[in-house]
file my_file-v1.tsv (TSV, C-alpha atoms)
chain	number	residue	atom	x	y	z
A	203	MET	CA	-33.34	-3.49	-32.65
A	204	GLN	CA	-36.86	-4.76	-32.50
A	205	PRO	CA	-37.56	-8.20	-31.12
A	206	GLN	CA	-40.11	-10.66	-32.35
A	207	ALA	CA	-43.18	-11.11	-30.20
A	208	ASN	CA	-42.15	-14.58	-29.11
A	209	MET	CA	-38.51	-15.30	-28.79
A	210	PRO	CA	-37.88	-18.56	-27.00
A	211	LYS	CA	-34.23	-19.57	-26.78
A	212	LEU	CA	-33.86	-22.68	-28.91
A	213	SER	CA	-32.39	-25.72	-27.27
A	214	LEU	CA	-30.25	-27.67	-29.74
A	215	PRO	CA	-28.48	-30.18	-27.49
A	216	ASN	CA	-27.49	-32.49	-30.35
A	217	ILE	CA	-25.53	-29.82	-32.15
A	218	LYS	CA	-22.20	-29.32	-30.45
A	219	THR	CA	-21.01	-26.18	-32.21
A	220	ILE	CA	-22.91	-23.59	-34.24
A	221	ILE	CA	-20.92	-21.22	-36.44
A	222	ALA	CA	-22.39	-18.27	-38.34
A	223	VAL	CA	-20.65	-17.18	-41.53
A	224	ALA	CA	-21.34	-13.52	-42.15
A	225	SER	CA	-20.30	-10.45	-44.06
A	226	GLY	CA	-21.58	-6.94	-44.16
A	227	LYS	CA	-21.60	-6.96	-47.92
A	228	GLY	CA	-23.16	-9.21	-50.53
A	229	GLY	CA	-21.06	-10.76	-53.27
A	230	VAL	CA	-17.96	-11.48	-51.23
A	231	GLY	CA	-18.42	-15.24	-51.59
A	232	LYS	CA	-20.01	-15.94	-48.25
A	233	SER	CA	-22.07	-18.87	-49.48
A	234	THR	CA	-19.07	-20.33	-51.30
A	235	VAL	CA	-17.03	-20.02	-48.11
A	236	SER	CA	-19.86	-21.54	-46.02
A	237	ALA	CA	-20.31	-24.53	-48.34
A	238	ASN	CA	-16.60	-25.23	-48.65
A	239	LEU	CA	-15.92	-24.65	-44.95
A	240	ALA	CA	-18.68	-27.16	-44.13
A	241	LEU	CA	-17.17	-29.69	-46.56
A	242	ALA	CA	-13.65	-29.08	-45.21
A	243	LEU	CA	-14.89	-29.68	-41.63
A	244	SER	CA	-16.55	-32.85	-42.89
A	245	ALA	CA	-13.33	-33.89	-44.64
A	246	LEU	CA	-11.58	-33.55	-41.27
A	247	GLY	CA	-13.91	-36.23	-39.94
A	248	HIS	CA	-16.69	-34.21	-38.34
A	249	LYS	CA	-20.45	-34.54	-38.67
A	250	VAL	CA	-21.55	-31.30	-40.26
A	251	GLY	CA	-24.80	-29.54	-41.13
A	252	LEU	CA	-25.21	-26.52	-43.40
A	253	LEU	CA	-28.11	-24.11	-42.99
A	254	ASP	CA	-28.70	-21.56	-45.71
A	255	ALA	CA	-30.21	-18.66	-43.74
A	256	ASP	CA	-30.54	-16.46	-46.80
A	257	ILE	CA	-34.31	-16.68	-47.09
A	258	TYR	CA	-34.58	-14.11	-49.88
A	259	GLY	CA	-31.70	-15.31	-52.05
A	260	PRO	CA	-30.78	-18.91	-51.21
A	261	SER	CA	-27.68	-20.17	-53.02
A	262	MET	CA	-27.18	-23.61	-51.53
A	263	PRO	CA	-29.49	-25.56	-53.87
A	264	THR	CA	-27.35	-24.51	-56.85
A	265	MET	CA	-24.03	-24.85	-55.05
A	266	MET	CA	-24.87	-28.27	-53.70
A	267	GLY	CA	-26.47	-29.53	-56.91
A	268	ILE	CA	-29.90	-30.00	-55.39
A	269	ASN	CA	-32.23	-28.87	-58.12
A	270	GLY	CA	-35.99	-28.89	-58.09
A	271	LEU	CA	-38.39	-28.56	-55.23
A	272	ILE	CA	-38.42	-31.04	-52.40
A	273	ASP	CA	-41.65	-32.85	-51.58
A	274	GLN	CA	-41.49	-32.85	-47.81
A	275	GLU	CA	-43.92	-35.77	-47.60
A	276	LYS	CA	-41.54	-38.02	-49.52
A	277	THR	CA	-38.14	-36.59	-48.66
A	278	PRO	CA	-37.25	-35.72	-45.08
A	279	LEU	CA	-35.48	-32.44	-44.48
A	280	PRO	CA	-32.67	-31.56	-43.98
A	281	LEU	CA	-31.36	-33.25	-47.11
A	282	GLU	CA	-28.15	-35.23	-47.08
A	283	LYS	CA	-25.53	-34.64	-49.74
A	284	TYR	CA	-21.75	-34.95	-49.84
A	285	GLY	CA	-21.89	-36.11	-46.22
A	286	LEU	CA	-23.57	-32.90	-45.06
A	287	LYS	CA	-27.09	-32.27	-43.75
A	288	ILE	CA	-28.38	-29.29	-45.69
A	289	MET	CA	-31.40	-27.02	-45.39
A	290	SER	CA	-32.34	-24.08	-47.56
A	291	MET	CA	-35.43	-22.07	-48.38
A	292	GLY	CA	-34.54	-22.86	-51.97
A	293	PHE	CA	-35.73	-26.44	-51.44
A	294	LEU	CA	-39.26	-25.14	-50.81
A	295	VAL	CA	-39.67	-22.22	-53.21
A	296	PRO	CA	-39.08	-22.31	-56.99
A	297	PRO	CA	-36.00	-20.31	-58.05
A	298	THR	CA	-38.15	-18.03	-60.19
A	299	GLN	CA	-40.43	-17.12	-57.29
A	300	ALA	CA	-39.50	-14.23	-55.01
A	301	VAL	CA	-39.93	-14.64	-51.26
A	302	ILE	CA	-41.49	-11.32	-50.25
A	303	TRP	CA	-41.64	-11.58	-46.49
A	304	ARG	CA	-41.43	-9.20	-43.61
A	305	GLY	CA	-39.16	-9.88	-40.65
A	306	PRO	CA	-41.52	-11.99	-38.51
A	307	MET	CA	-41.94	-14.52	-41.35
A	308	VAL	CA	-38.16	-14.77	-41.76
A	309	HIS	CA	-37.91	-15.29	-38.01
A	310	ARG	CA	-40.49	-18.07	-38.09
A	311	ALA	CA	-38.91	-19.84	-41.05
A	312	LEU	CA	-35.44	-19.81	-39.51
A	313	THR	CA	-36.59	-21.00	-36.10
A	314	GLN	CA	-38.56	-23.80	-37.78
A	315	PHE	CA	-35.54	-24.82	-39.85
A	316	LEU	CA	-33.53	-25.13	-36.66
A	317	SER	CA	-36.02	-26.53	-34.20
A	318	ASP	CA	-38.54	-28.53	-36.25
A	319	LEU	CA	-36.13	-30.46	-38.46
A	320	ASP	CA	-34.24	-33.56	-37.42
A	321	TRP	CA	-30.60	-32.51	-37.73
A	322	GLY	CA	-29.48	-35.61	-35.84
A	323	THR	CA	-26.23	-35.35	-33.93
A	324	LEU	CA	-23.81	-32.83	-35.39
A	325	ASP	CA	-20.33	-31.69	-34.45
A	326	PHE	CA	-20.79	-28.48	-36.41
A	327	LEU	CA	-23.68	-26.57	-37.91
A	328	VAL	CA	-22.47	-23.91	-40.34
A	329	ILE	CA	-25.03	-21.16	-40.90
A	330	ASP	CA	-24.69	-19.15	-44.09
A	331	LEU	CA	-26.14	-15.75	-43.18
A	332	PRO	CA	-27.51	-13.31	-45.70
A	333	PRO	CA	-25.53	-10.10	-46.14
A	334	GLY	CA	-26.15	-7.22	-43.78
A	335	THR	CA	-27.32	-6.86	-40.22
A	336	GLY	CA	-31.04	-7.47	-40.49
A	337	ASP	CA	-33.80	-9.84	-39.43
A	338	ALA	CA	-32.03	-13.13	-40.07
A	339	GLN	CA	-28.97	-12.06	-38.11
A	340	LEU	CA	-31.08	-10.78	-35.23
A	341	THR	CA	-33.23	-13.89	-35.07
A	342	LEU	CA	-30.20	-16.14	-34.97
A	343	THR	CA	-28.28	-14.13	-32.40
A	344	GLN	CA	-31.33	-13.81	-30.16
A	345	THR	CA	-32.58	-17.37	-30.32
A	346	VAL	CA	-29.70	-19.66	-31.29
A	347	PRO	CA	-26.78	-20.55	-29.03
A	348	LEU	CA	-24.14	-19.44	-31.55
A	349	ASN	CA	-20.63	-20.51	-30.57
A	350	GLY	CA	-18.91	-18.10	-32.90
A	351	SER	CA	-18.93	-16.16	-36.12
A	352	VAL	CA	-16.64	-16.07	-39.14
A	353	ILE	CA	-16.51	-12.79	-41.05
A	354	VAL	CA	-15.89	-12.98	-44.78
A	355	THR	CA	-14.52	-10.04	-46.70
A	356	THR	CA	-12.72	-9.35	-49.94
A	357	PRO	CA	-9.50	-7.32	-49.83
A	358	GLN	CA	-10.76	-3.94	-51.06
A	359	GLU	CA	-11.88	-1.09	-48.83
A	360	VAL	CA	-15.48	-1.09	-50.05
A	361	SER	CA	-15.94	-4.59	-48.64
A	362	ILE	CA	-14.00	-3.85	-45.45
A	363	ILE	CA	-16.35	-0.95	-44.64
A	364	ASP	CA	-19.34	-3.29	-44.56
A	365	ALA	CA	-17.46	-6.11	-42.84
A	366	ARG	CA	-16.84	-3.67	-39.95
A	367	LYS	CA	-20.62	-3.38	-39.54
A	368	GLY	CA	-20.90	-7.15	-39.30
A	369	ILE	CA	-18.17	-7.23	-36.66
A	370	GLU	CA	-19.83	-4.44	-34.70
A	371	MET	CA	-23.13	-6.31	-34.80
A	372	PHE	CA	-21.57	-9.49	-33.38
A	373	LYS	CA	-19.77	-7.44	-30.73
A	374	GLN	CA	-23.02	-5.78	-29.73
A	375	VAL	CA	-24.91	-9.05	-29.44
A	376	ARG	CA	-21.94	-10.73	-27.76
A	377	VAL	CA	-21.34	-13.50	-30.25
A	378	PRO	CA	-17.63	-14.40	-30.26
A	379	ILE	CA	-15.82	-13.57	-33.50
A	380	LEU	CA	-13.65	-16.52	-34.44
A	381	GLY	CA	-11.88	-14.49	-37.07
A	382	ILE	CA	-11.80	-12.96	-40.52
A	383	VAL	CA	-11.40	-14.73	-43.84
A	384	GLU	CA	-10.20	-12.83	-46.88
A	385	ASN	CA	-11.84	-14.31	-49.94
A	386	MET	CA	-10.72	-13.61	-53.52
A	387	SER	CA	-7.36	-12.63	-52.07
A	388	TYR	CA	-5.18	-13.21	-55.08
A	389	PHE	CA	-4.90	-15.09	-58.34
A	390	ILE	CA	-2.02	-17.24	-59.48
A	391	GLY	CA	-1.65	-16.83	-63.23
A	392	GLU	CA	-0.43	-19.40	-65.70
A	393	ASP	CA	2.92	-17.64	-65.47
A	394	GLY	CA	3.03	-18.60	-61.79
A	395	LYS	CA	2.87	-14.99	-60.69
A	396	ARG	CA	0.56	-13.75	-57.95
A	397	TYR	CA	-1.95	-11.10	-59.05
A	398	GLU	CA	-3.82	-9.17	-56.37
A	399	ILE	CA	-6.85	-8.25	-58.45
A	400	PHE	CA	-8.89	-6.70	-55.64
A	401	ARG	CA	-5.85	-5.20	-53.89
A	402	HIS	CA	-4.37	-6.89	-50.85
A	403	GLY	CA	-4.30	-6.96	-47.09
A	404	GLY	CA	-7.78	-5.71	-46.24
A	405	GLY	CA	-8.65	-8.80	-44.21
A	406	THR	CA	-5.42	-8.68	-42.22
A	407	LYS	CA	-5.87	-4.97	-41.60
A	408	LEU	CA	-9.42	-5.52	-40.37
A	409	ALA	CA	-8.31	-8.36	-38.08
A	410	GLN	CA	-5.60	-6.13	-36.59
A	411	GLU	CA	-8.05	-3.25	-36.17
A	412	TYR	CA	-10.46	-5.40	-34.13
A	413	GLN	CA	-7.79	-7.63	-32.58
A	414	VAL	CA	-9.41	-10.78	-33.89
A	415	PRO	CA	-7.64	-13.70	-35.55
A	416	PHE	CA	-7.01	-13.62	-39.28
A	417	LEU	CA	-8.16	-17.06	-40.36
A	418	GLY	CA	-6.67	-17.10	-43.83
A	419	GLU	CA	-6.73	-16.09	-47.47
A	420	ILE	CA	-8.76	-17.88	-50.11
A	421	PRO	CA	-7.39	-17.30	-53.62
A	422	ILE	CA	-9.41	-16.76	-56.79
A	423	ASP	CA	-9.56	-19.73	-59.11
A	424	PRO	CA	-12.01	-20.15	-62.02
A	425	LYS	CA	-12.56	-23.69	-60.73
A	426	VAL	CA	-14.36	-22.26	-57.67
A	427	ALA	CA	-17.11	-20.71	-59.78
A	428	GLU	CA	-17.15	-23.64	-62.20
A	429	SER	CA	-17.59	-26.22	-59.44
A	430	GLY	CA	-20.11	-24.07	-57.57
A	431	ASP	CA	-22.28	-23.66	-60.65
A	432	GLU	CA	-21.98	-27.36	-61.31
A	433	GLY	CA	-23.27	-28.14	-57.83
A	434	ILE	CA	-20.08	-29.74	-56.59
A	435	PRO	CA	-18.12	-27.31	-54.39
A	436	ILE	CA	-14.39	-27.17	-55.04
A	437	VAL	CA	-13.41	-28.92	-51.79
A	438	ARG	CA	-15.46	-31.88	-52.98
A	439	LYS	CA	-14.66	-31.76	-56.69
A	440	TYR	CA	-10.96	-30.85	-56.62
A	441	PRO	CA	-9.70	-31.76	-53.15
A	442	GLU	CA	-6.07	-31.42	-54.27
A	443	ASN	CA	-6.55	-27.90	-55.64
A	444	ASN	CA	-4.76	-25.10	-53.78
A	445	VAL	CA	-8.10	-23.43	-52.97
A	446	SER	CA	-9.38	-26.64	-51.38
A	447	LYS	CA	-6.25	-26.83	-49.27
A	448	CYS	CA	-6.87	-23.24	-48.15
A	449	TYR	CA	-10.37	-24.26	-47.06
A	450	VAL	CA	-9.03	-27.20	-45.06
A	451	ALA	CA	-6.55	-24.82	-43.42
A	452	LEU	CA	-9.47	-22.47	-42.70
A	453	ALA	CA	-11.44	-25.30	-41.08
A	454	GLN	CA	-8.42	-26.14	-38.92
A	455	SER	CA	-8.08	-22.48	-37.92
A	456	VAL	CA	-11.76	-22.33	-36.98
A	457	ILE	CA	-11.43	-25.46	-34.83
A	458	ARG	CA	-8.30	-24.04	-33.21
A	459	GLU	CA	-10.01	-20.75	-32.38
A	460	LEU	CA	-13.06	-22.54	-31.00
A	461	GLY	CA	-10.70	-24.44	-28.72
A	462	THR	CA	-9.13	-21.29	-27.34
A	463	MET	CA	-12.16	-19.10	-27.02
A	464	ILE	CA	-14.00	-18.24	-23.88
A	465	ALA	CA	-17.62	-19.12	-24.51
A	466	PRO	CA	-20.14	-16.44	-23.59
A	467	LYS	CA	-21.91	-17.21	-20.33
A	468	GLU	CA	-25.64	-17.68	-20.12
A	469	LEU	CA	-27.35	-14.65	-18.66
A	470	PRO	CA	-28.80	-15.18	-15.17
A	471	LYS	CA	-32.57	-15.36	-14.94
A	472	LEU	CA	-34.90	-13.41	-12.73
A	473	ASP	CA	-37.79	-15.14	-11.04
A	474	ILE	CA	-40.76	-12.81	-11.09
B	215	MET	CA	-11.66	-13.34	-30.85
B	216	VAL	CA	-13.29	-10.17	-29.56
B	217	GLU	CA	-13.75	-10.41	-25.82
B	218	SER	CA	-13.56	-6.85	-24.62
B	219	ASN	CA	-17.30	-6.33	-24.82
B	220	PHE	CA	-17.93	-9.46	-22.74
B	221	SER	CA	-16.24	-8.05	-19.66
B	222	LEU	CA	-19.37	-6.45	-18.23
B	223	PHE	CA	-21.73	-9.20	-17.18
B	224	PRO	CA	-24.48	-9.59	-14.61
B	225	ASN	CA	-23.64	-12.29	-12.08
B	226	ALA	CA	-27.05	-12.20	-10.42
B	227	LEU	CA	-30.44	-10.50	-10.63
B	228	LYS	CA	-32.64	-10.08	-7.57
B	229	LYS	CA	-35.95	-8.38	-6.92
B	230	GLN	CA	-35.73	-5.61	-4.33
B	231	GLY	CA	-39.23	-5.68	-2.86
B	232	ASP	CA	-41.94	-4.87	-5.40
B	233	GLN	CA	-40.40	-1.66	-6.64
B	234	SER	CA	-36.98	-2.39	-8.06
B	235	LEU	CA	-34.34	-4.72	-9.40
B	236	LEU	CA	-30.86	-5.34	-8.04
B	237	VAL	CA	-28.17	-6.32	-10.55
B	238	GLU	CA	-24.85	-7.62	-9.29
B	239	TRP	CA	-22.24	-7.01	-11.99
B	240	SER	CA	-19.04	-8.88	-12.76
B	241	ASP	CA	-16.96	-5.79	-11.84
B	242	GLY	CA	-18.33	-5.82	-8.31
B	243	HIS	CA	-20.79	-2.98	-8.82
B	244	SER	CA	-24.43	-3.39	-7.74
B	245	SER	CA	-27.11	-1.52	-9.66
B	246	ILE	CA	-30.47	-0.60	-8.26
B	247	LEU	CA	-33.08	-0.06	-10.93
B	248	ALA	CA	-36.63	0.97	-10.09
B	249	TRP	CA	-39.19	-0.69	-12.35
B	250	LYS	CA	-40.72	2.72	-13.00
B	251	HIS	CA	-37.32	4.02	-14.13
B	252	LEU	CA	-36.80	1.04	-16.43
B	253	ARG	CA	-40.30	1.34	-17.89
B	254	SER	CA	-39.95	5.05	-18.54
B	255	ASN	CA	-36.60	4.43	-20.27
B	256	CYS	CA	-37.85	1.59	-22.48
B	257	PRO	CA	-35.46	1.42	-25.45
B	258	CYS	CA	-38.04	0.28	-28.04
B	259	ALA	CA	-38.66	2.47	-31.07
B	260	THR	CA	-42.21	3.42	-30.02
B	261	CYS	CA	-41.18	4.56	-26.53
B	262	ARG	CA	-38.14	6.44	-27.84
B	263	ASP	CA	-40.44	8.23	-30.27
B	264	GLU	CA	-42.92	9.06	-27.49
B	265	ARG	CA	-40.17	10.47	-25.32
B	266	GLY	CA	-39.10	12.74	-28.17
B	267	LYS	CA	-42.56	14.30	-28.53
B	268	PRO	CA	-43.70	17.39	-26.61
B	269	ALA	CA	-45.83	16.60	-23.57
B	270	ASN	CA	-49.58	16.32	-24.18
B	271	PRO	CA	-51.08	19.15	-22.10
B	272	PHE	CA	-54.42	17.32	-21.84
B	273	GLN	CA	-52.93	14.17	-20.40
B	274	ILE	CA	-52.99	14.34	-16.62
B	275	LEU	CA	-51.49	10.94	-15.93
B	276	LYS	CA	-49.27	8.82	-18.14
B	277	PRO	CA	-50.53	5.23	-18.64
B	278	SER	CA	-47.58	4.02	-16.57
B	279	GLU	CA	-48.70	6.24	-13.70
B	280	LEU	CA	-52.16	4.67	-13.49
B	281	VAL	CA	-50.77	1.32	-12.42
B	282	ALA	CA	-47.29	1.01	-10.95
B	283	PRO	CA	-45.13	-0.61	-13.63
B	284	ALA	CA	-43.91	-4.08	-12.83
B	285	PRO	CA	-42.53	-6.84	-15.02
B	286	THR	CA	-44.51	-9.98	-15.65
B	287	SER	CA	-41.52	-11.55	-17.36
B	288	PHE	CA	-37.79	-10.78	-17.55
B	289	VAL	CA	-36.24	-12.93	-20.26
B	290	PRO	CA	-32.61	-13.17	-21.45
B	291	VAL	CA	-32.14	-12.35	-25.15
B	292	GLY	CA	-29.12	-14.13	-26.56
B	293	HIS	CA	-26.09	-13.27	-24.46
B	294	TYR	CA	-26.48	-9.54	-24.63
B	295	ALA	CA	-29.82	-8.25	-23.38
B	296	TYR	CA	-33.08	-8.79	-21.51
B	297	ARG	CA	-36.60	-8.41	-22.78
B	298	ILE	CA	-39.07	-7.15	-20.21
B	299	ILE	CA	-42.76	-7.85	-20.52
B	300	TRP	CA	-44.61	-5.25	-18.45
B	301	ASN	CA	-47.89	-5.47	-16.60
B	302	ASP	CA	-49.34	-2.90	-19.03
B	303	GLY	CA	-48.79	-5.41	-21.85
B	304	HIS	CA	-45.82	-3.61	-23.38
B	305	ASP	CA	-43.19	-6.11	-24.50
B	306	SER	CA	-41.08	-4.66	-27.28
B	307	GLY	CA	-38.18	-3.22	-25.31
B	308	ILE	CA	-34.87	-5.06	-25.39
B	309	TYR	CA	-32.53	-3.73	-22.71
B	310	THR	CA	-28.90	-4.43	-23.56
B	311	LEU	CA	-26.55	-5.03	-20.65
B	312	GLU	CA	-24.85	-1.72	-21.39
B	313	GLN	CA	-28.22	0.07	-21.25
B	314	LEU	CA	-29.12	-1.59	-17.95
B	315	ARG	CA	-25.82	-0.49	-16.50
B	316	SER	CA	-26.24	3.06	-17.79
B	317	LEU	CA	-29.66	3.26	-16.09
B	318	CYS	CA	-28.18	2.43	-12.67
B	319	GLN	CA	-29.71	4.60	-9.94
B	320	CYS	CA	-27.23	3.95	-7.16
B	321	THR	CA	-25.88	7.03	-5.39
B	322	GLU	CA	-22.47	6.66	-7.01
B	323	CYS	CA	-23.83	6.43	-10.59
B	324	LEU	CA	-26.37	9.20	-10.06
B	325	ALA	CA	-23.59	11.49	-8.82
B	326	LYS	CA	-21.41	10.53	-11.80
B	327	ASN	CA	-24.23	11.14	-14.28
B	328	ASN	CA	-25.03	14.53	-12.74
B	329	SER	CA	-21.45	15.75	-12.64

call {"tool": "encode", "arguments": {"input": "my_file-v1.tsv", "output": "structure tokens"}}
result
Amino acid sequence: MQPQANMPKLSLPNIKTIIAVASGKGGVGKSTVSANLALALSALGHKVGLLDADIYGPSMPTMMGINGLIDQEKTPLPLEKYGLKIMSMGFLVPPTQAVIWRGPMVHRALTQFLSDLDWGTLDFLVIDLPPGTGDAQLTLTQTVPLNGSVIVTTPQEVSIIDARKGIEMFKQVRVPILGIVENMSYFIGEDGKRYEIFRHGGGTKLAQEYQVPFLGEIPIDPKVAESGDEGIPIVRKYPENNVSKCYVALAQSVIRELGTMIAPKELPKLDI
Amino acid sequence: MVESNFSLFPNALKKQGDQSLLVEWSDGHSSILAWKHLRSNCPCATCRDERGKPANPFQILKPSELVAPAPTSFVPVGHYAYRIIWNDGHDSGIYTLEQLRSLCQCTECLAKNNS
């Protein structure tokens, strides 16, 4: 693991709890889980921020219905929508333009998003990580006082394999793992039957393997994609939907685990 | 929550004269680590690569042998490692806690590593 040349530990005293949402694999619904988890925490009465740390492929502008570039001289960042404070690279770069950056630029952008913006006082900051175990993950684990991580996976083995890598990364960098969420767990058909499209039980199996909590299952519902594409996440648009209730249960599980966890201690310093 | 990897933790770091570092671990063990030993075991990609190469027969002294290695800065990285900035300007090595422990030069650890 290579560090950046300058790596000051960020001090974010106004943010009580910082949670990273991660997965080893892309396409498991990490951004959908991040957005809806943030909204569910907000629905439970907390002040919540949402940072889209996927510099190369930001999804939050679409999911949160914030289209078009933001003129930073007229509109202060982070933006406020649905009761959340939100920041994404997608507010600064047109969706048709690729961000072709090496690691140090990603590092700089993420540290600026965290330290140079006025997030105000937050109970929770949910960070939507890009897939994998690369620069964004390293920057955040090295410079941000993360309180815990939530690992998202889908039920099938091919996703579990990569989720293991995410868990191993957090273990190595000593960020507490709050638990595993199984997204796209099942589908309830019009006949009322449960269909396990992507198989079943991968998330539970992974949680048992690593002895971490299983935070819950999020079912498939066409309304999730519909509301996400519309820019109104399902927890906001259909709060009474079963999926939304699963997200509220997930938020409660996250809060419960944060309450029971032993926070990692600060490393002692050496005076030279 | 995964906690098992958090069990090993340094309670205190102290300089032992100008030559070495003393680490007092949460399990009661104390590690003595000479700066020279730490510098020559730098875990960065460049130093690992250098260590893997055959020795240069024309090089009489290694750069680290010209001036005794000493840290100018010893900075925590997250909750899992330290970054050492050396007096030769090298600063890219991140020493995880596990690596620091494995480099311990106390009599007990040296005997264990040699057995």

call {"tool": "residues_around", "arguments": {"input": "my_file-v1.tsv", "residues": "A:Gln454", "least_positions_apart": "6", "cutoff": "9 Å", "atoms": "all atoms listed in the file", "output": "ChimeraX atom specification"}}
result
/A:242-243,246

call {"tool": "write_last_selection", "arguments": {"input": "my_file-v1.tsv", "atoms": "C-alpha atoms", "output": "compact mmCIF listing (two decimals), keeping the file's coordinate frame"}}
result
# COMPACT_ATOMS: atom_id res chain seq x y z
CA ALA A 242 -13.65 -29.08 -45.21
CA LEU A 243 -14.89 -29.68 -41.63
CA LEU A 246 -11.58 -33.55 -41.27

call {"tool": "closest_residue", "arguments": {"input": "my_file-v1.tsv", "among": "A:Leu469, A:Val354, A:Val456, A:Val450", "to": "B:Tyr296", "atoms": "only C-alpha atoms"}}
result
A:Leu469

call {"tool": "residues_around", "arguments": {"input": "my_file-v1.tsv", "residues": "stretch 321-323 of chain B", "least_positions_apart": "5", "cutoff": "10 Å", "atoms": "all atoms listed in the file", "output": "list in words"}}
result
His243, Ser245, Ile246, Arg315, Ser316, Asn328 and Ser329 of chain B

call {"tool": "atom_distance", "arguments": {"input": "my_file-v1.tsv", "atom1": "atom CA of B:Phe288", "atom2": "atom CA of A:Asp473"}}
result
7.8 Å

call {"tool": "residues_around", "arguments": {"input": "my_file-v1.tsv", "residues": "A:Leu316", "least_positions_apart": "3", "cutoff": "12 Å", "atoms": "all atoms listed in the file", "output": "MDAnalysis selection string"}}
result
chainID A and resid 211:217 220 251:255 279:280 287:290 309:313 319:322 327:329 341:342 345:347

call {"tool": "write_last_selection", "arguments": {"input": "my_file-v1.tsv", "atoms": "C-alpha atoms", "output": "PDB file, in the frame of the given file"}}
result
ATOM      1  CA  LYS A 211     -34.230 -19.570 -26.780  1.00  0.00           C
ATOM      2  CA  LEU A 212     -33.860 -22.680 -28.910  1.00  0.00           C
ATOM      3  CA  SER A 213     -32.390 -25.720 -27.270  1.00  0.00           C
ATOM      4  CA  LEU A 214     -30.250 -27.670 -29.740  1.00  0.00           C
ATOM      5  CA  PRO A 215     -28.480 -30.180 -27.490  1.00  0.00           C
ATOM      6  CA  ASN A 216     -27.490 -32.490 -30.350  1.00  0.00           C
ATOM      7  CA  ILE A 217     -25.530 -29.820 -32.150  1.00  0.00           C
ATOM      8  CA  ILE A 220     -22.910 -23.590 -34.240  1.00  0.00           C
ATOM      9  CA  GLY A 251     -24.800 -29.540 -41.130  1.00  0.00           C
ATOM     10  CA  LEU A 252     -25.210 -26.520 -43.400  1.00  0.00           C
ATOM     11  CA  LEU A 253     -28.110 -24.110 -42.990  1.00  0.00           C
ATOM     12  CA  ASP A 254     -28.700 -21.560 -45.710  1.00  0.00           C
ATOM     13  CA  ALA A 255     -30.210 -18.660 -43.740  1.00  0.00           C
ATOM     14  CA  LEU A 279     -35.480 -32.440 -44.480  1.00  0.00           C
ATOM     15  CA  PRO A 280     -32.670 -31.560 -43.980  1.00  0.00           C
ATOM     16  CA  LYS A 287     -27.090 -32.270 -43.750  1.00  0.00           C
ATOM     17  CA  ILE A 288     -28.380 -29.290 -45.690  1.00  0.00           C
ATOM     18  CA  MET A 289     -31.400 -27.020 -45.390  1.00  0.00           C
ATOM     19  CA  SER A 290     -32.340 -24.080 -47.560  1.00  0.00           C
ATOM     20  CA  HIS A 309     -37.910 -15.290 -38.010  1.00  0.00           C
ATOM     21  CA  ARG A 310     -40.490 -18.070 -38.090  1.00  0.00           C
ATOM     22  CA  ALA A 311     -38.910 -19.840 -41.050  1.00  0.00           C
ATOM     23  CA  LEU A 312     -35.440 -19.810 -39.510  1.00  0.00           C
ATOM     24  CA  THR A 313     -36.590 -21.000 -36.100  1.00  0.00           C
ATOM     25  CA  LEU A 319     -36.130 -30.460 -38.460  1.00  0.00           C
ATOM     26  CA  ASP A 320     -34.240 -33.560 -37.420  1.00  0.00           C
ATOM     27  CA  TRP A 321     -30.600 -32.510 -37.730  1.00  0.00           C
ATOM     28  CA  GLY A 322     -29.480 -35.610 -35.840  1.00  0.00           C
ATOM     29  CA  LEU A 327     -23.680 -26.570 -37.910  1.00  0.00           C
ATOM     30  CA  VAL A 328     -22.470 -23.910 -40.340  1.00  0.00           C
ATOM     31  CA  ILE A 329     -25.030 -21.160 -40.900  1.00  0.00           C
ATOM     32  CA  THR A 341     -33.230 -13.890 -35.070  1.00  0.00           C
ATOM     33  CA  LEU A 342     -30.200 -16.140 -34.970  1.00  0.00           C
ATOM     34  CA  THR A 345     -32.580 -17.370 -30.320  1.00  0.00           C
ATOM     35  CA  VAL A 346     -29.700 -19.660 -31.290  1.00  0.00           C
ATOM     36  CA  PRO A 347     -26.780 -20.550 -29.030  1.00  0.00           C
TER      37      PRO A 347
END

call {"tool": "residues_around", "arguments": {"input": "my_file-v1.tsv", "residues": "A:Ala453", "least_positions_apart": "3", "cutoff": "10 Å", "atoms": "all atoms listed in the file", "output": "ChimeraX atom specification"}}
result
/A:238-246,417-418,447-450,456-459

call {"tool": "interface_residues", "arguments": {"input": "my_file-v1.tsv", "of": "chain A", "to": "chain B", "cutoff": "8 Å", "atoms": "only C-alpha atoms", "output": "PyMOL selection string"}}
result
chain A and resi 203-207+209+211+343-347+373-381+412-415+459+463+466-474

call {"tool": "residues_near_point", "arguments": {"input": "my_file-v1.tsv", "point": "(-43.5, 4.4, -26.5)", "cutoff": "12 Å", "atoms": "all atoms listed in the file", "output": "compact mmCIF listing (two decimals) with C-alpha atoms, keeping the file's coordinate frame"}}
result
# COMPACT_ATOMS: atom_id res chain seq x y z
CA ARG B 253 -40.30 1.34 -17.89
CA SER B 254 -39.95 5.05 -18.54
CA ASN B 255 -36.60 4.43 -20.27
CA CYS B 256 -37.85 1.59 -22.48
CA PRO B 257 -35.46 1.42 -25.45
CA CYS B 258 -38.04 0.28 -28.04
CA ALA B 259 -38.66 2.47 -31.07
CA THR B 260 -42.21 3.42 -30.02
CA CYS B 261 -41.18 4.56 -26.53
CA ARG B 262 -38.14 6.44 -27.84
CA ASP B 263 -40.44 8.23 -30.27
CA GLU B 264 -42.92 9.06 -27.49
CA ARG B 265 -40.17 10.47 -25.32
CA GLY B 266 -39.10 12.74 -28.17
CA LYS B 267 -42.56 14.30 -28.53
CA LYS B 276 -49.27 8.82 -18.14
CA PRO B 277 -50.53 5.23 -18.64
CA SER B 278 -47.58 4.02 -16.57
CA ASP B 302 -49.34 -2.90 -19.03
CA HIS B 304 -45.82 -3.61 -23.38
CA ASP B 305 -43.19 -6.11 -24.50
CA SER B 306 -41.08 -4.66 -27.28
CA GLY B 307 -38.18 -3.22 -25.31
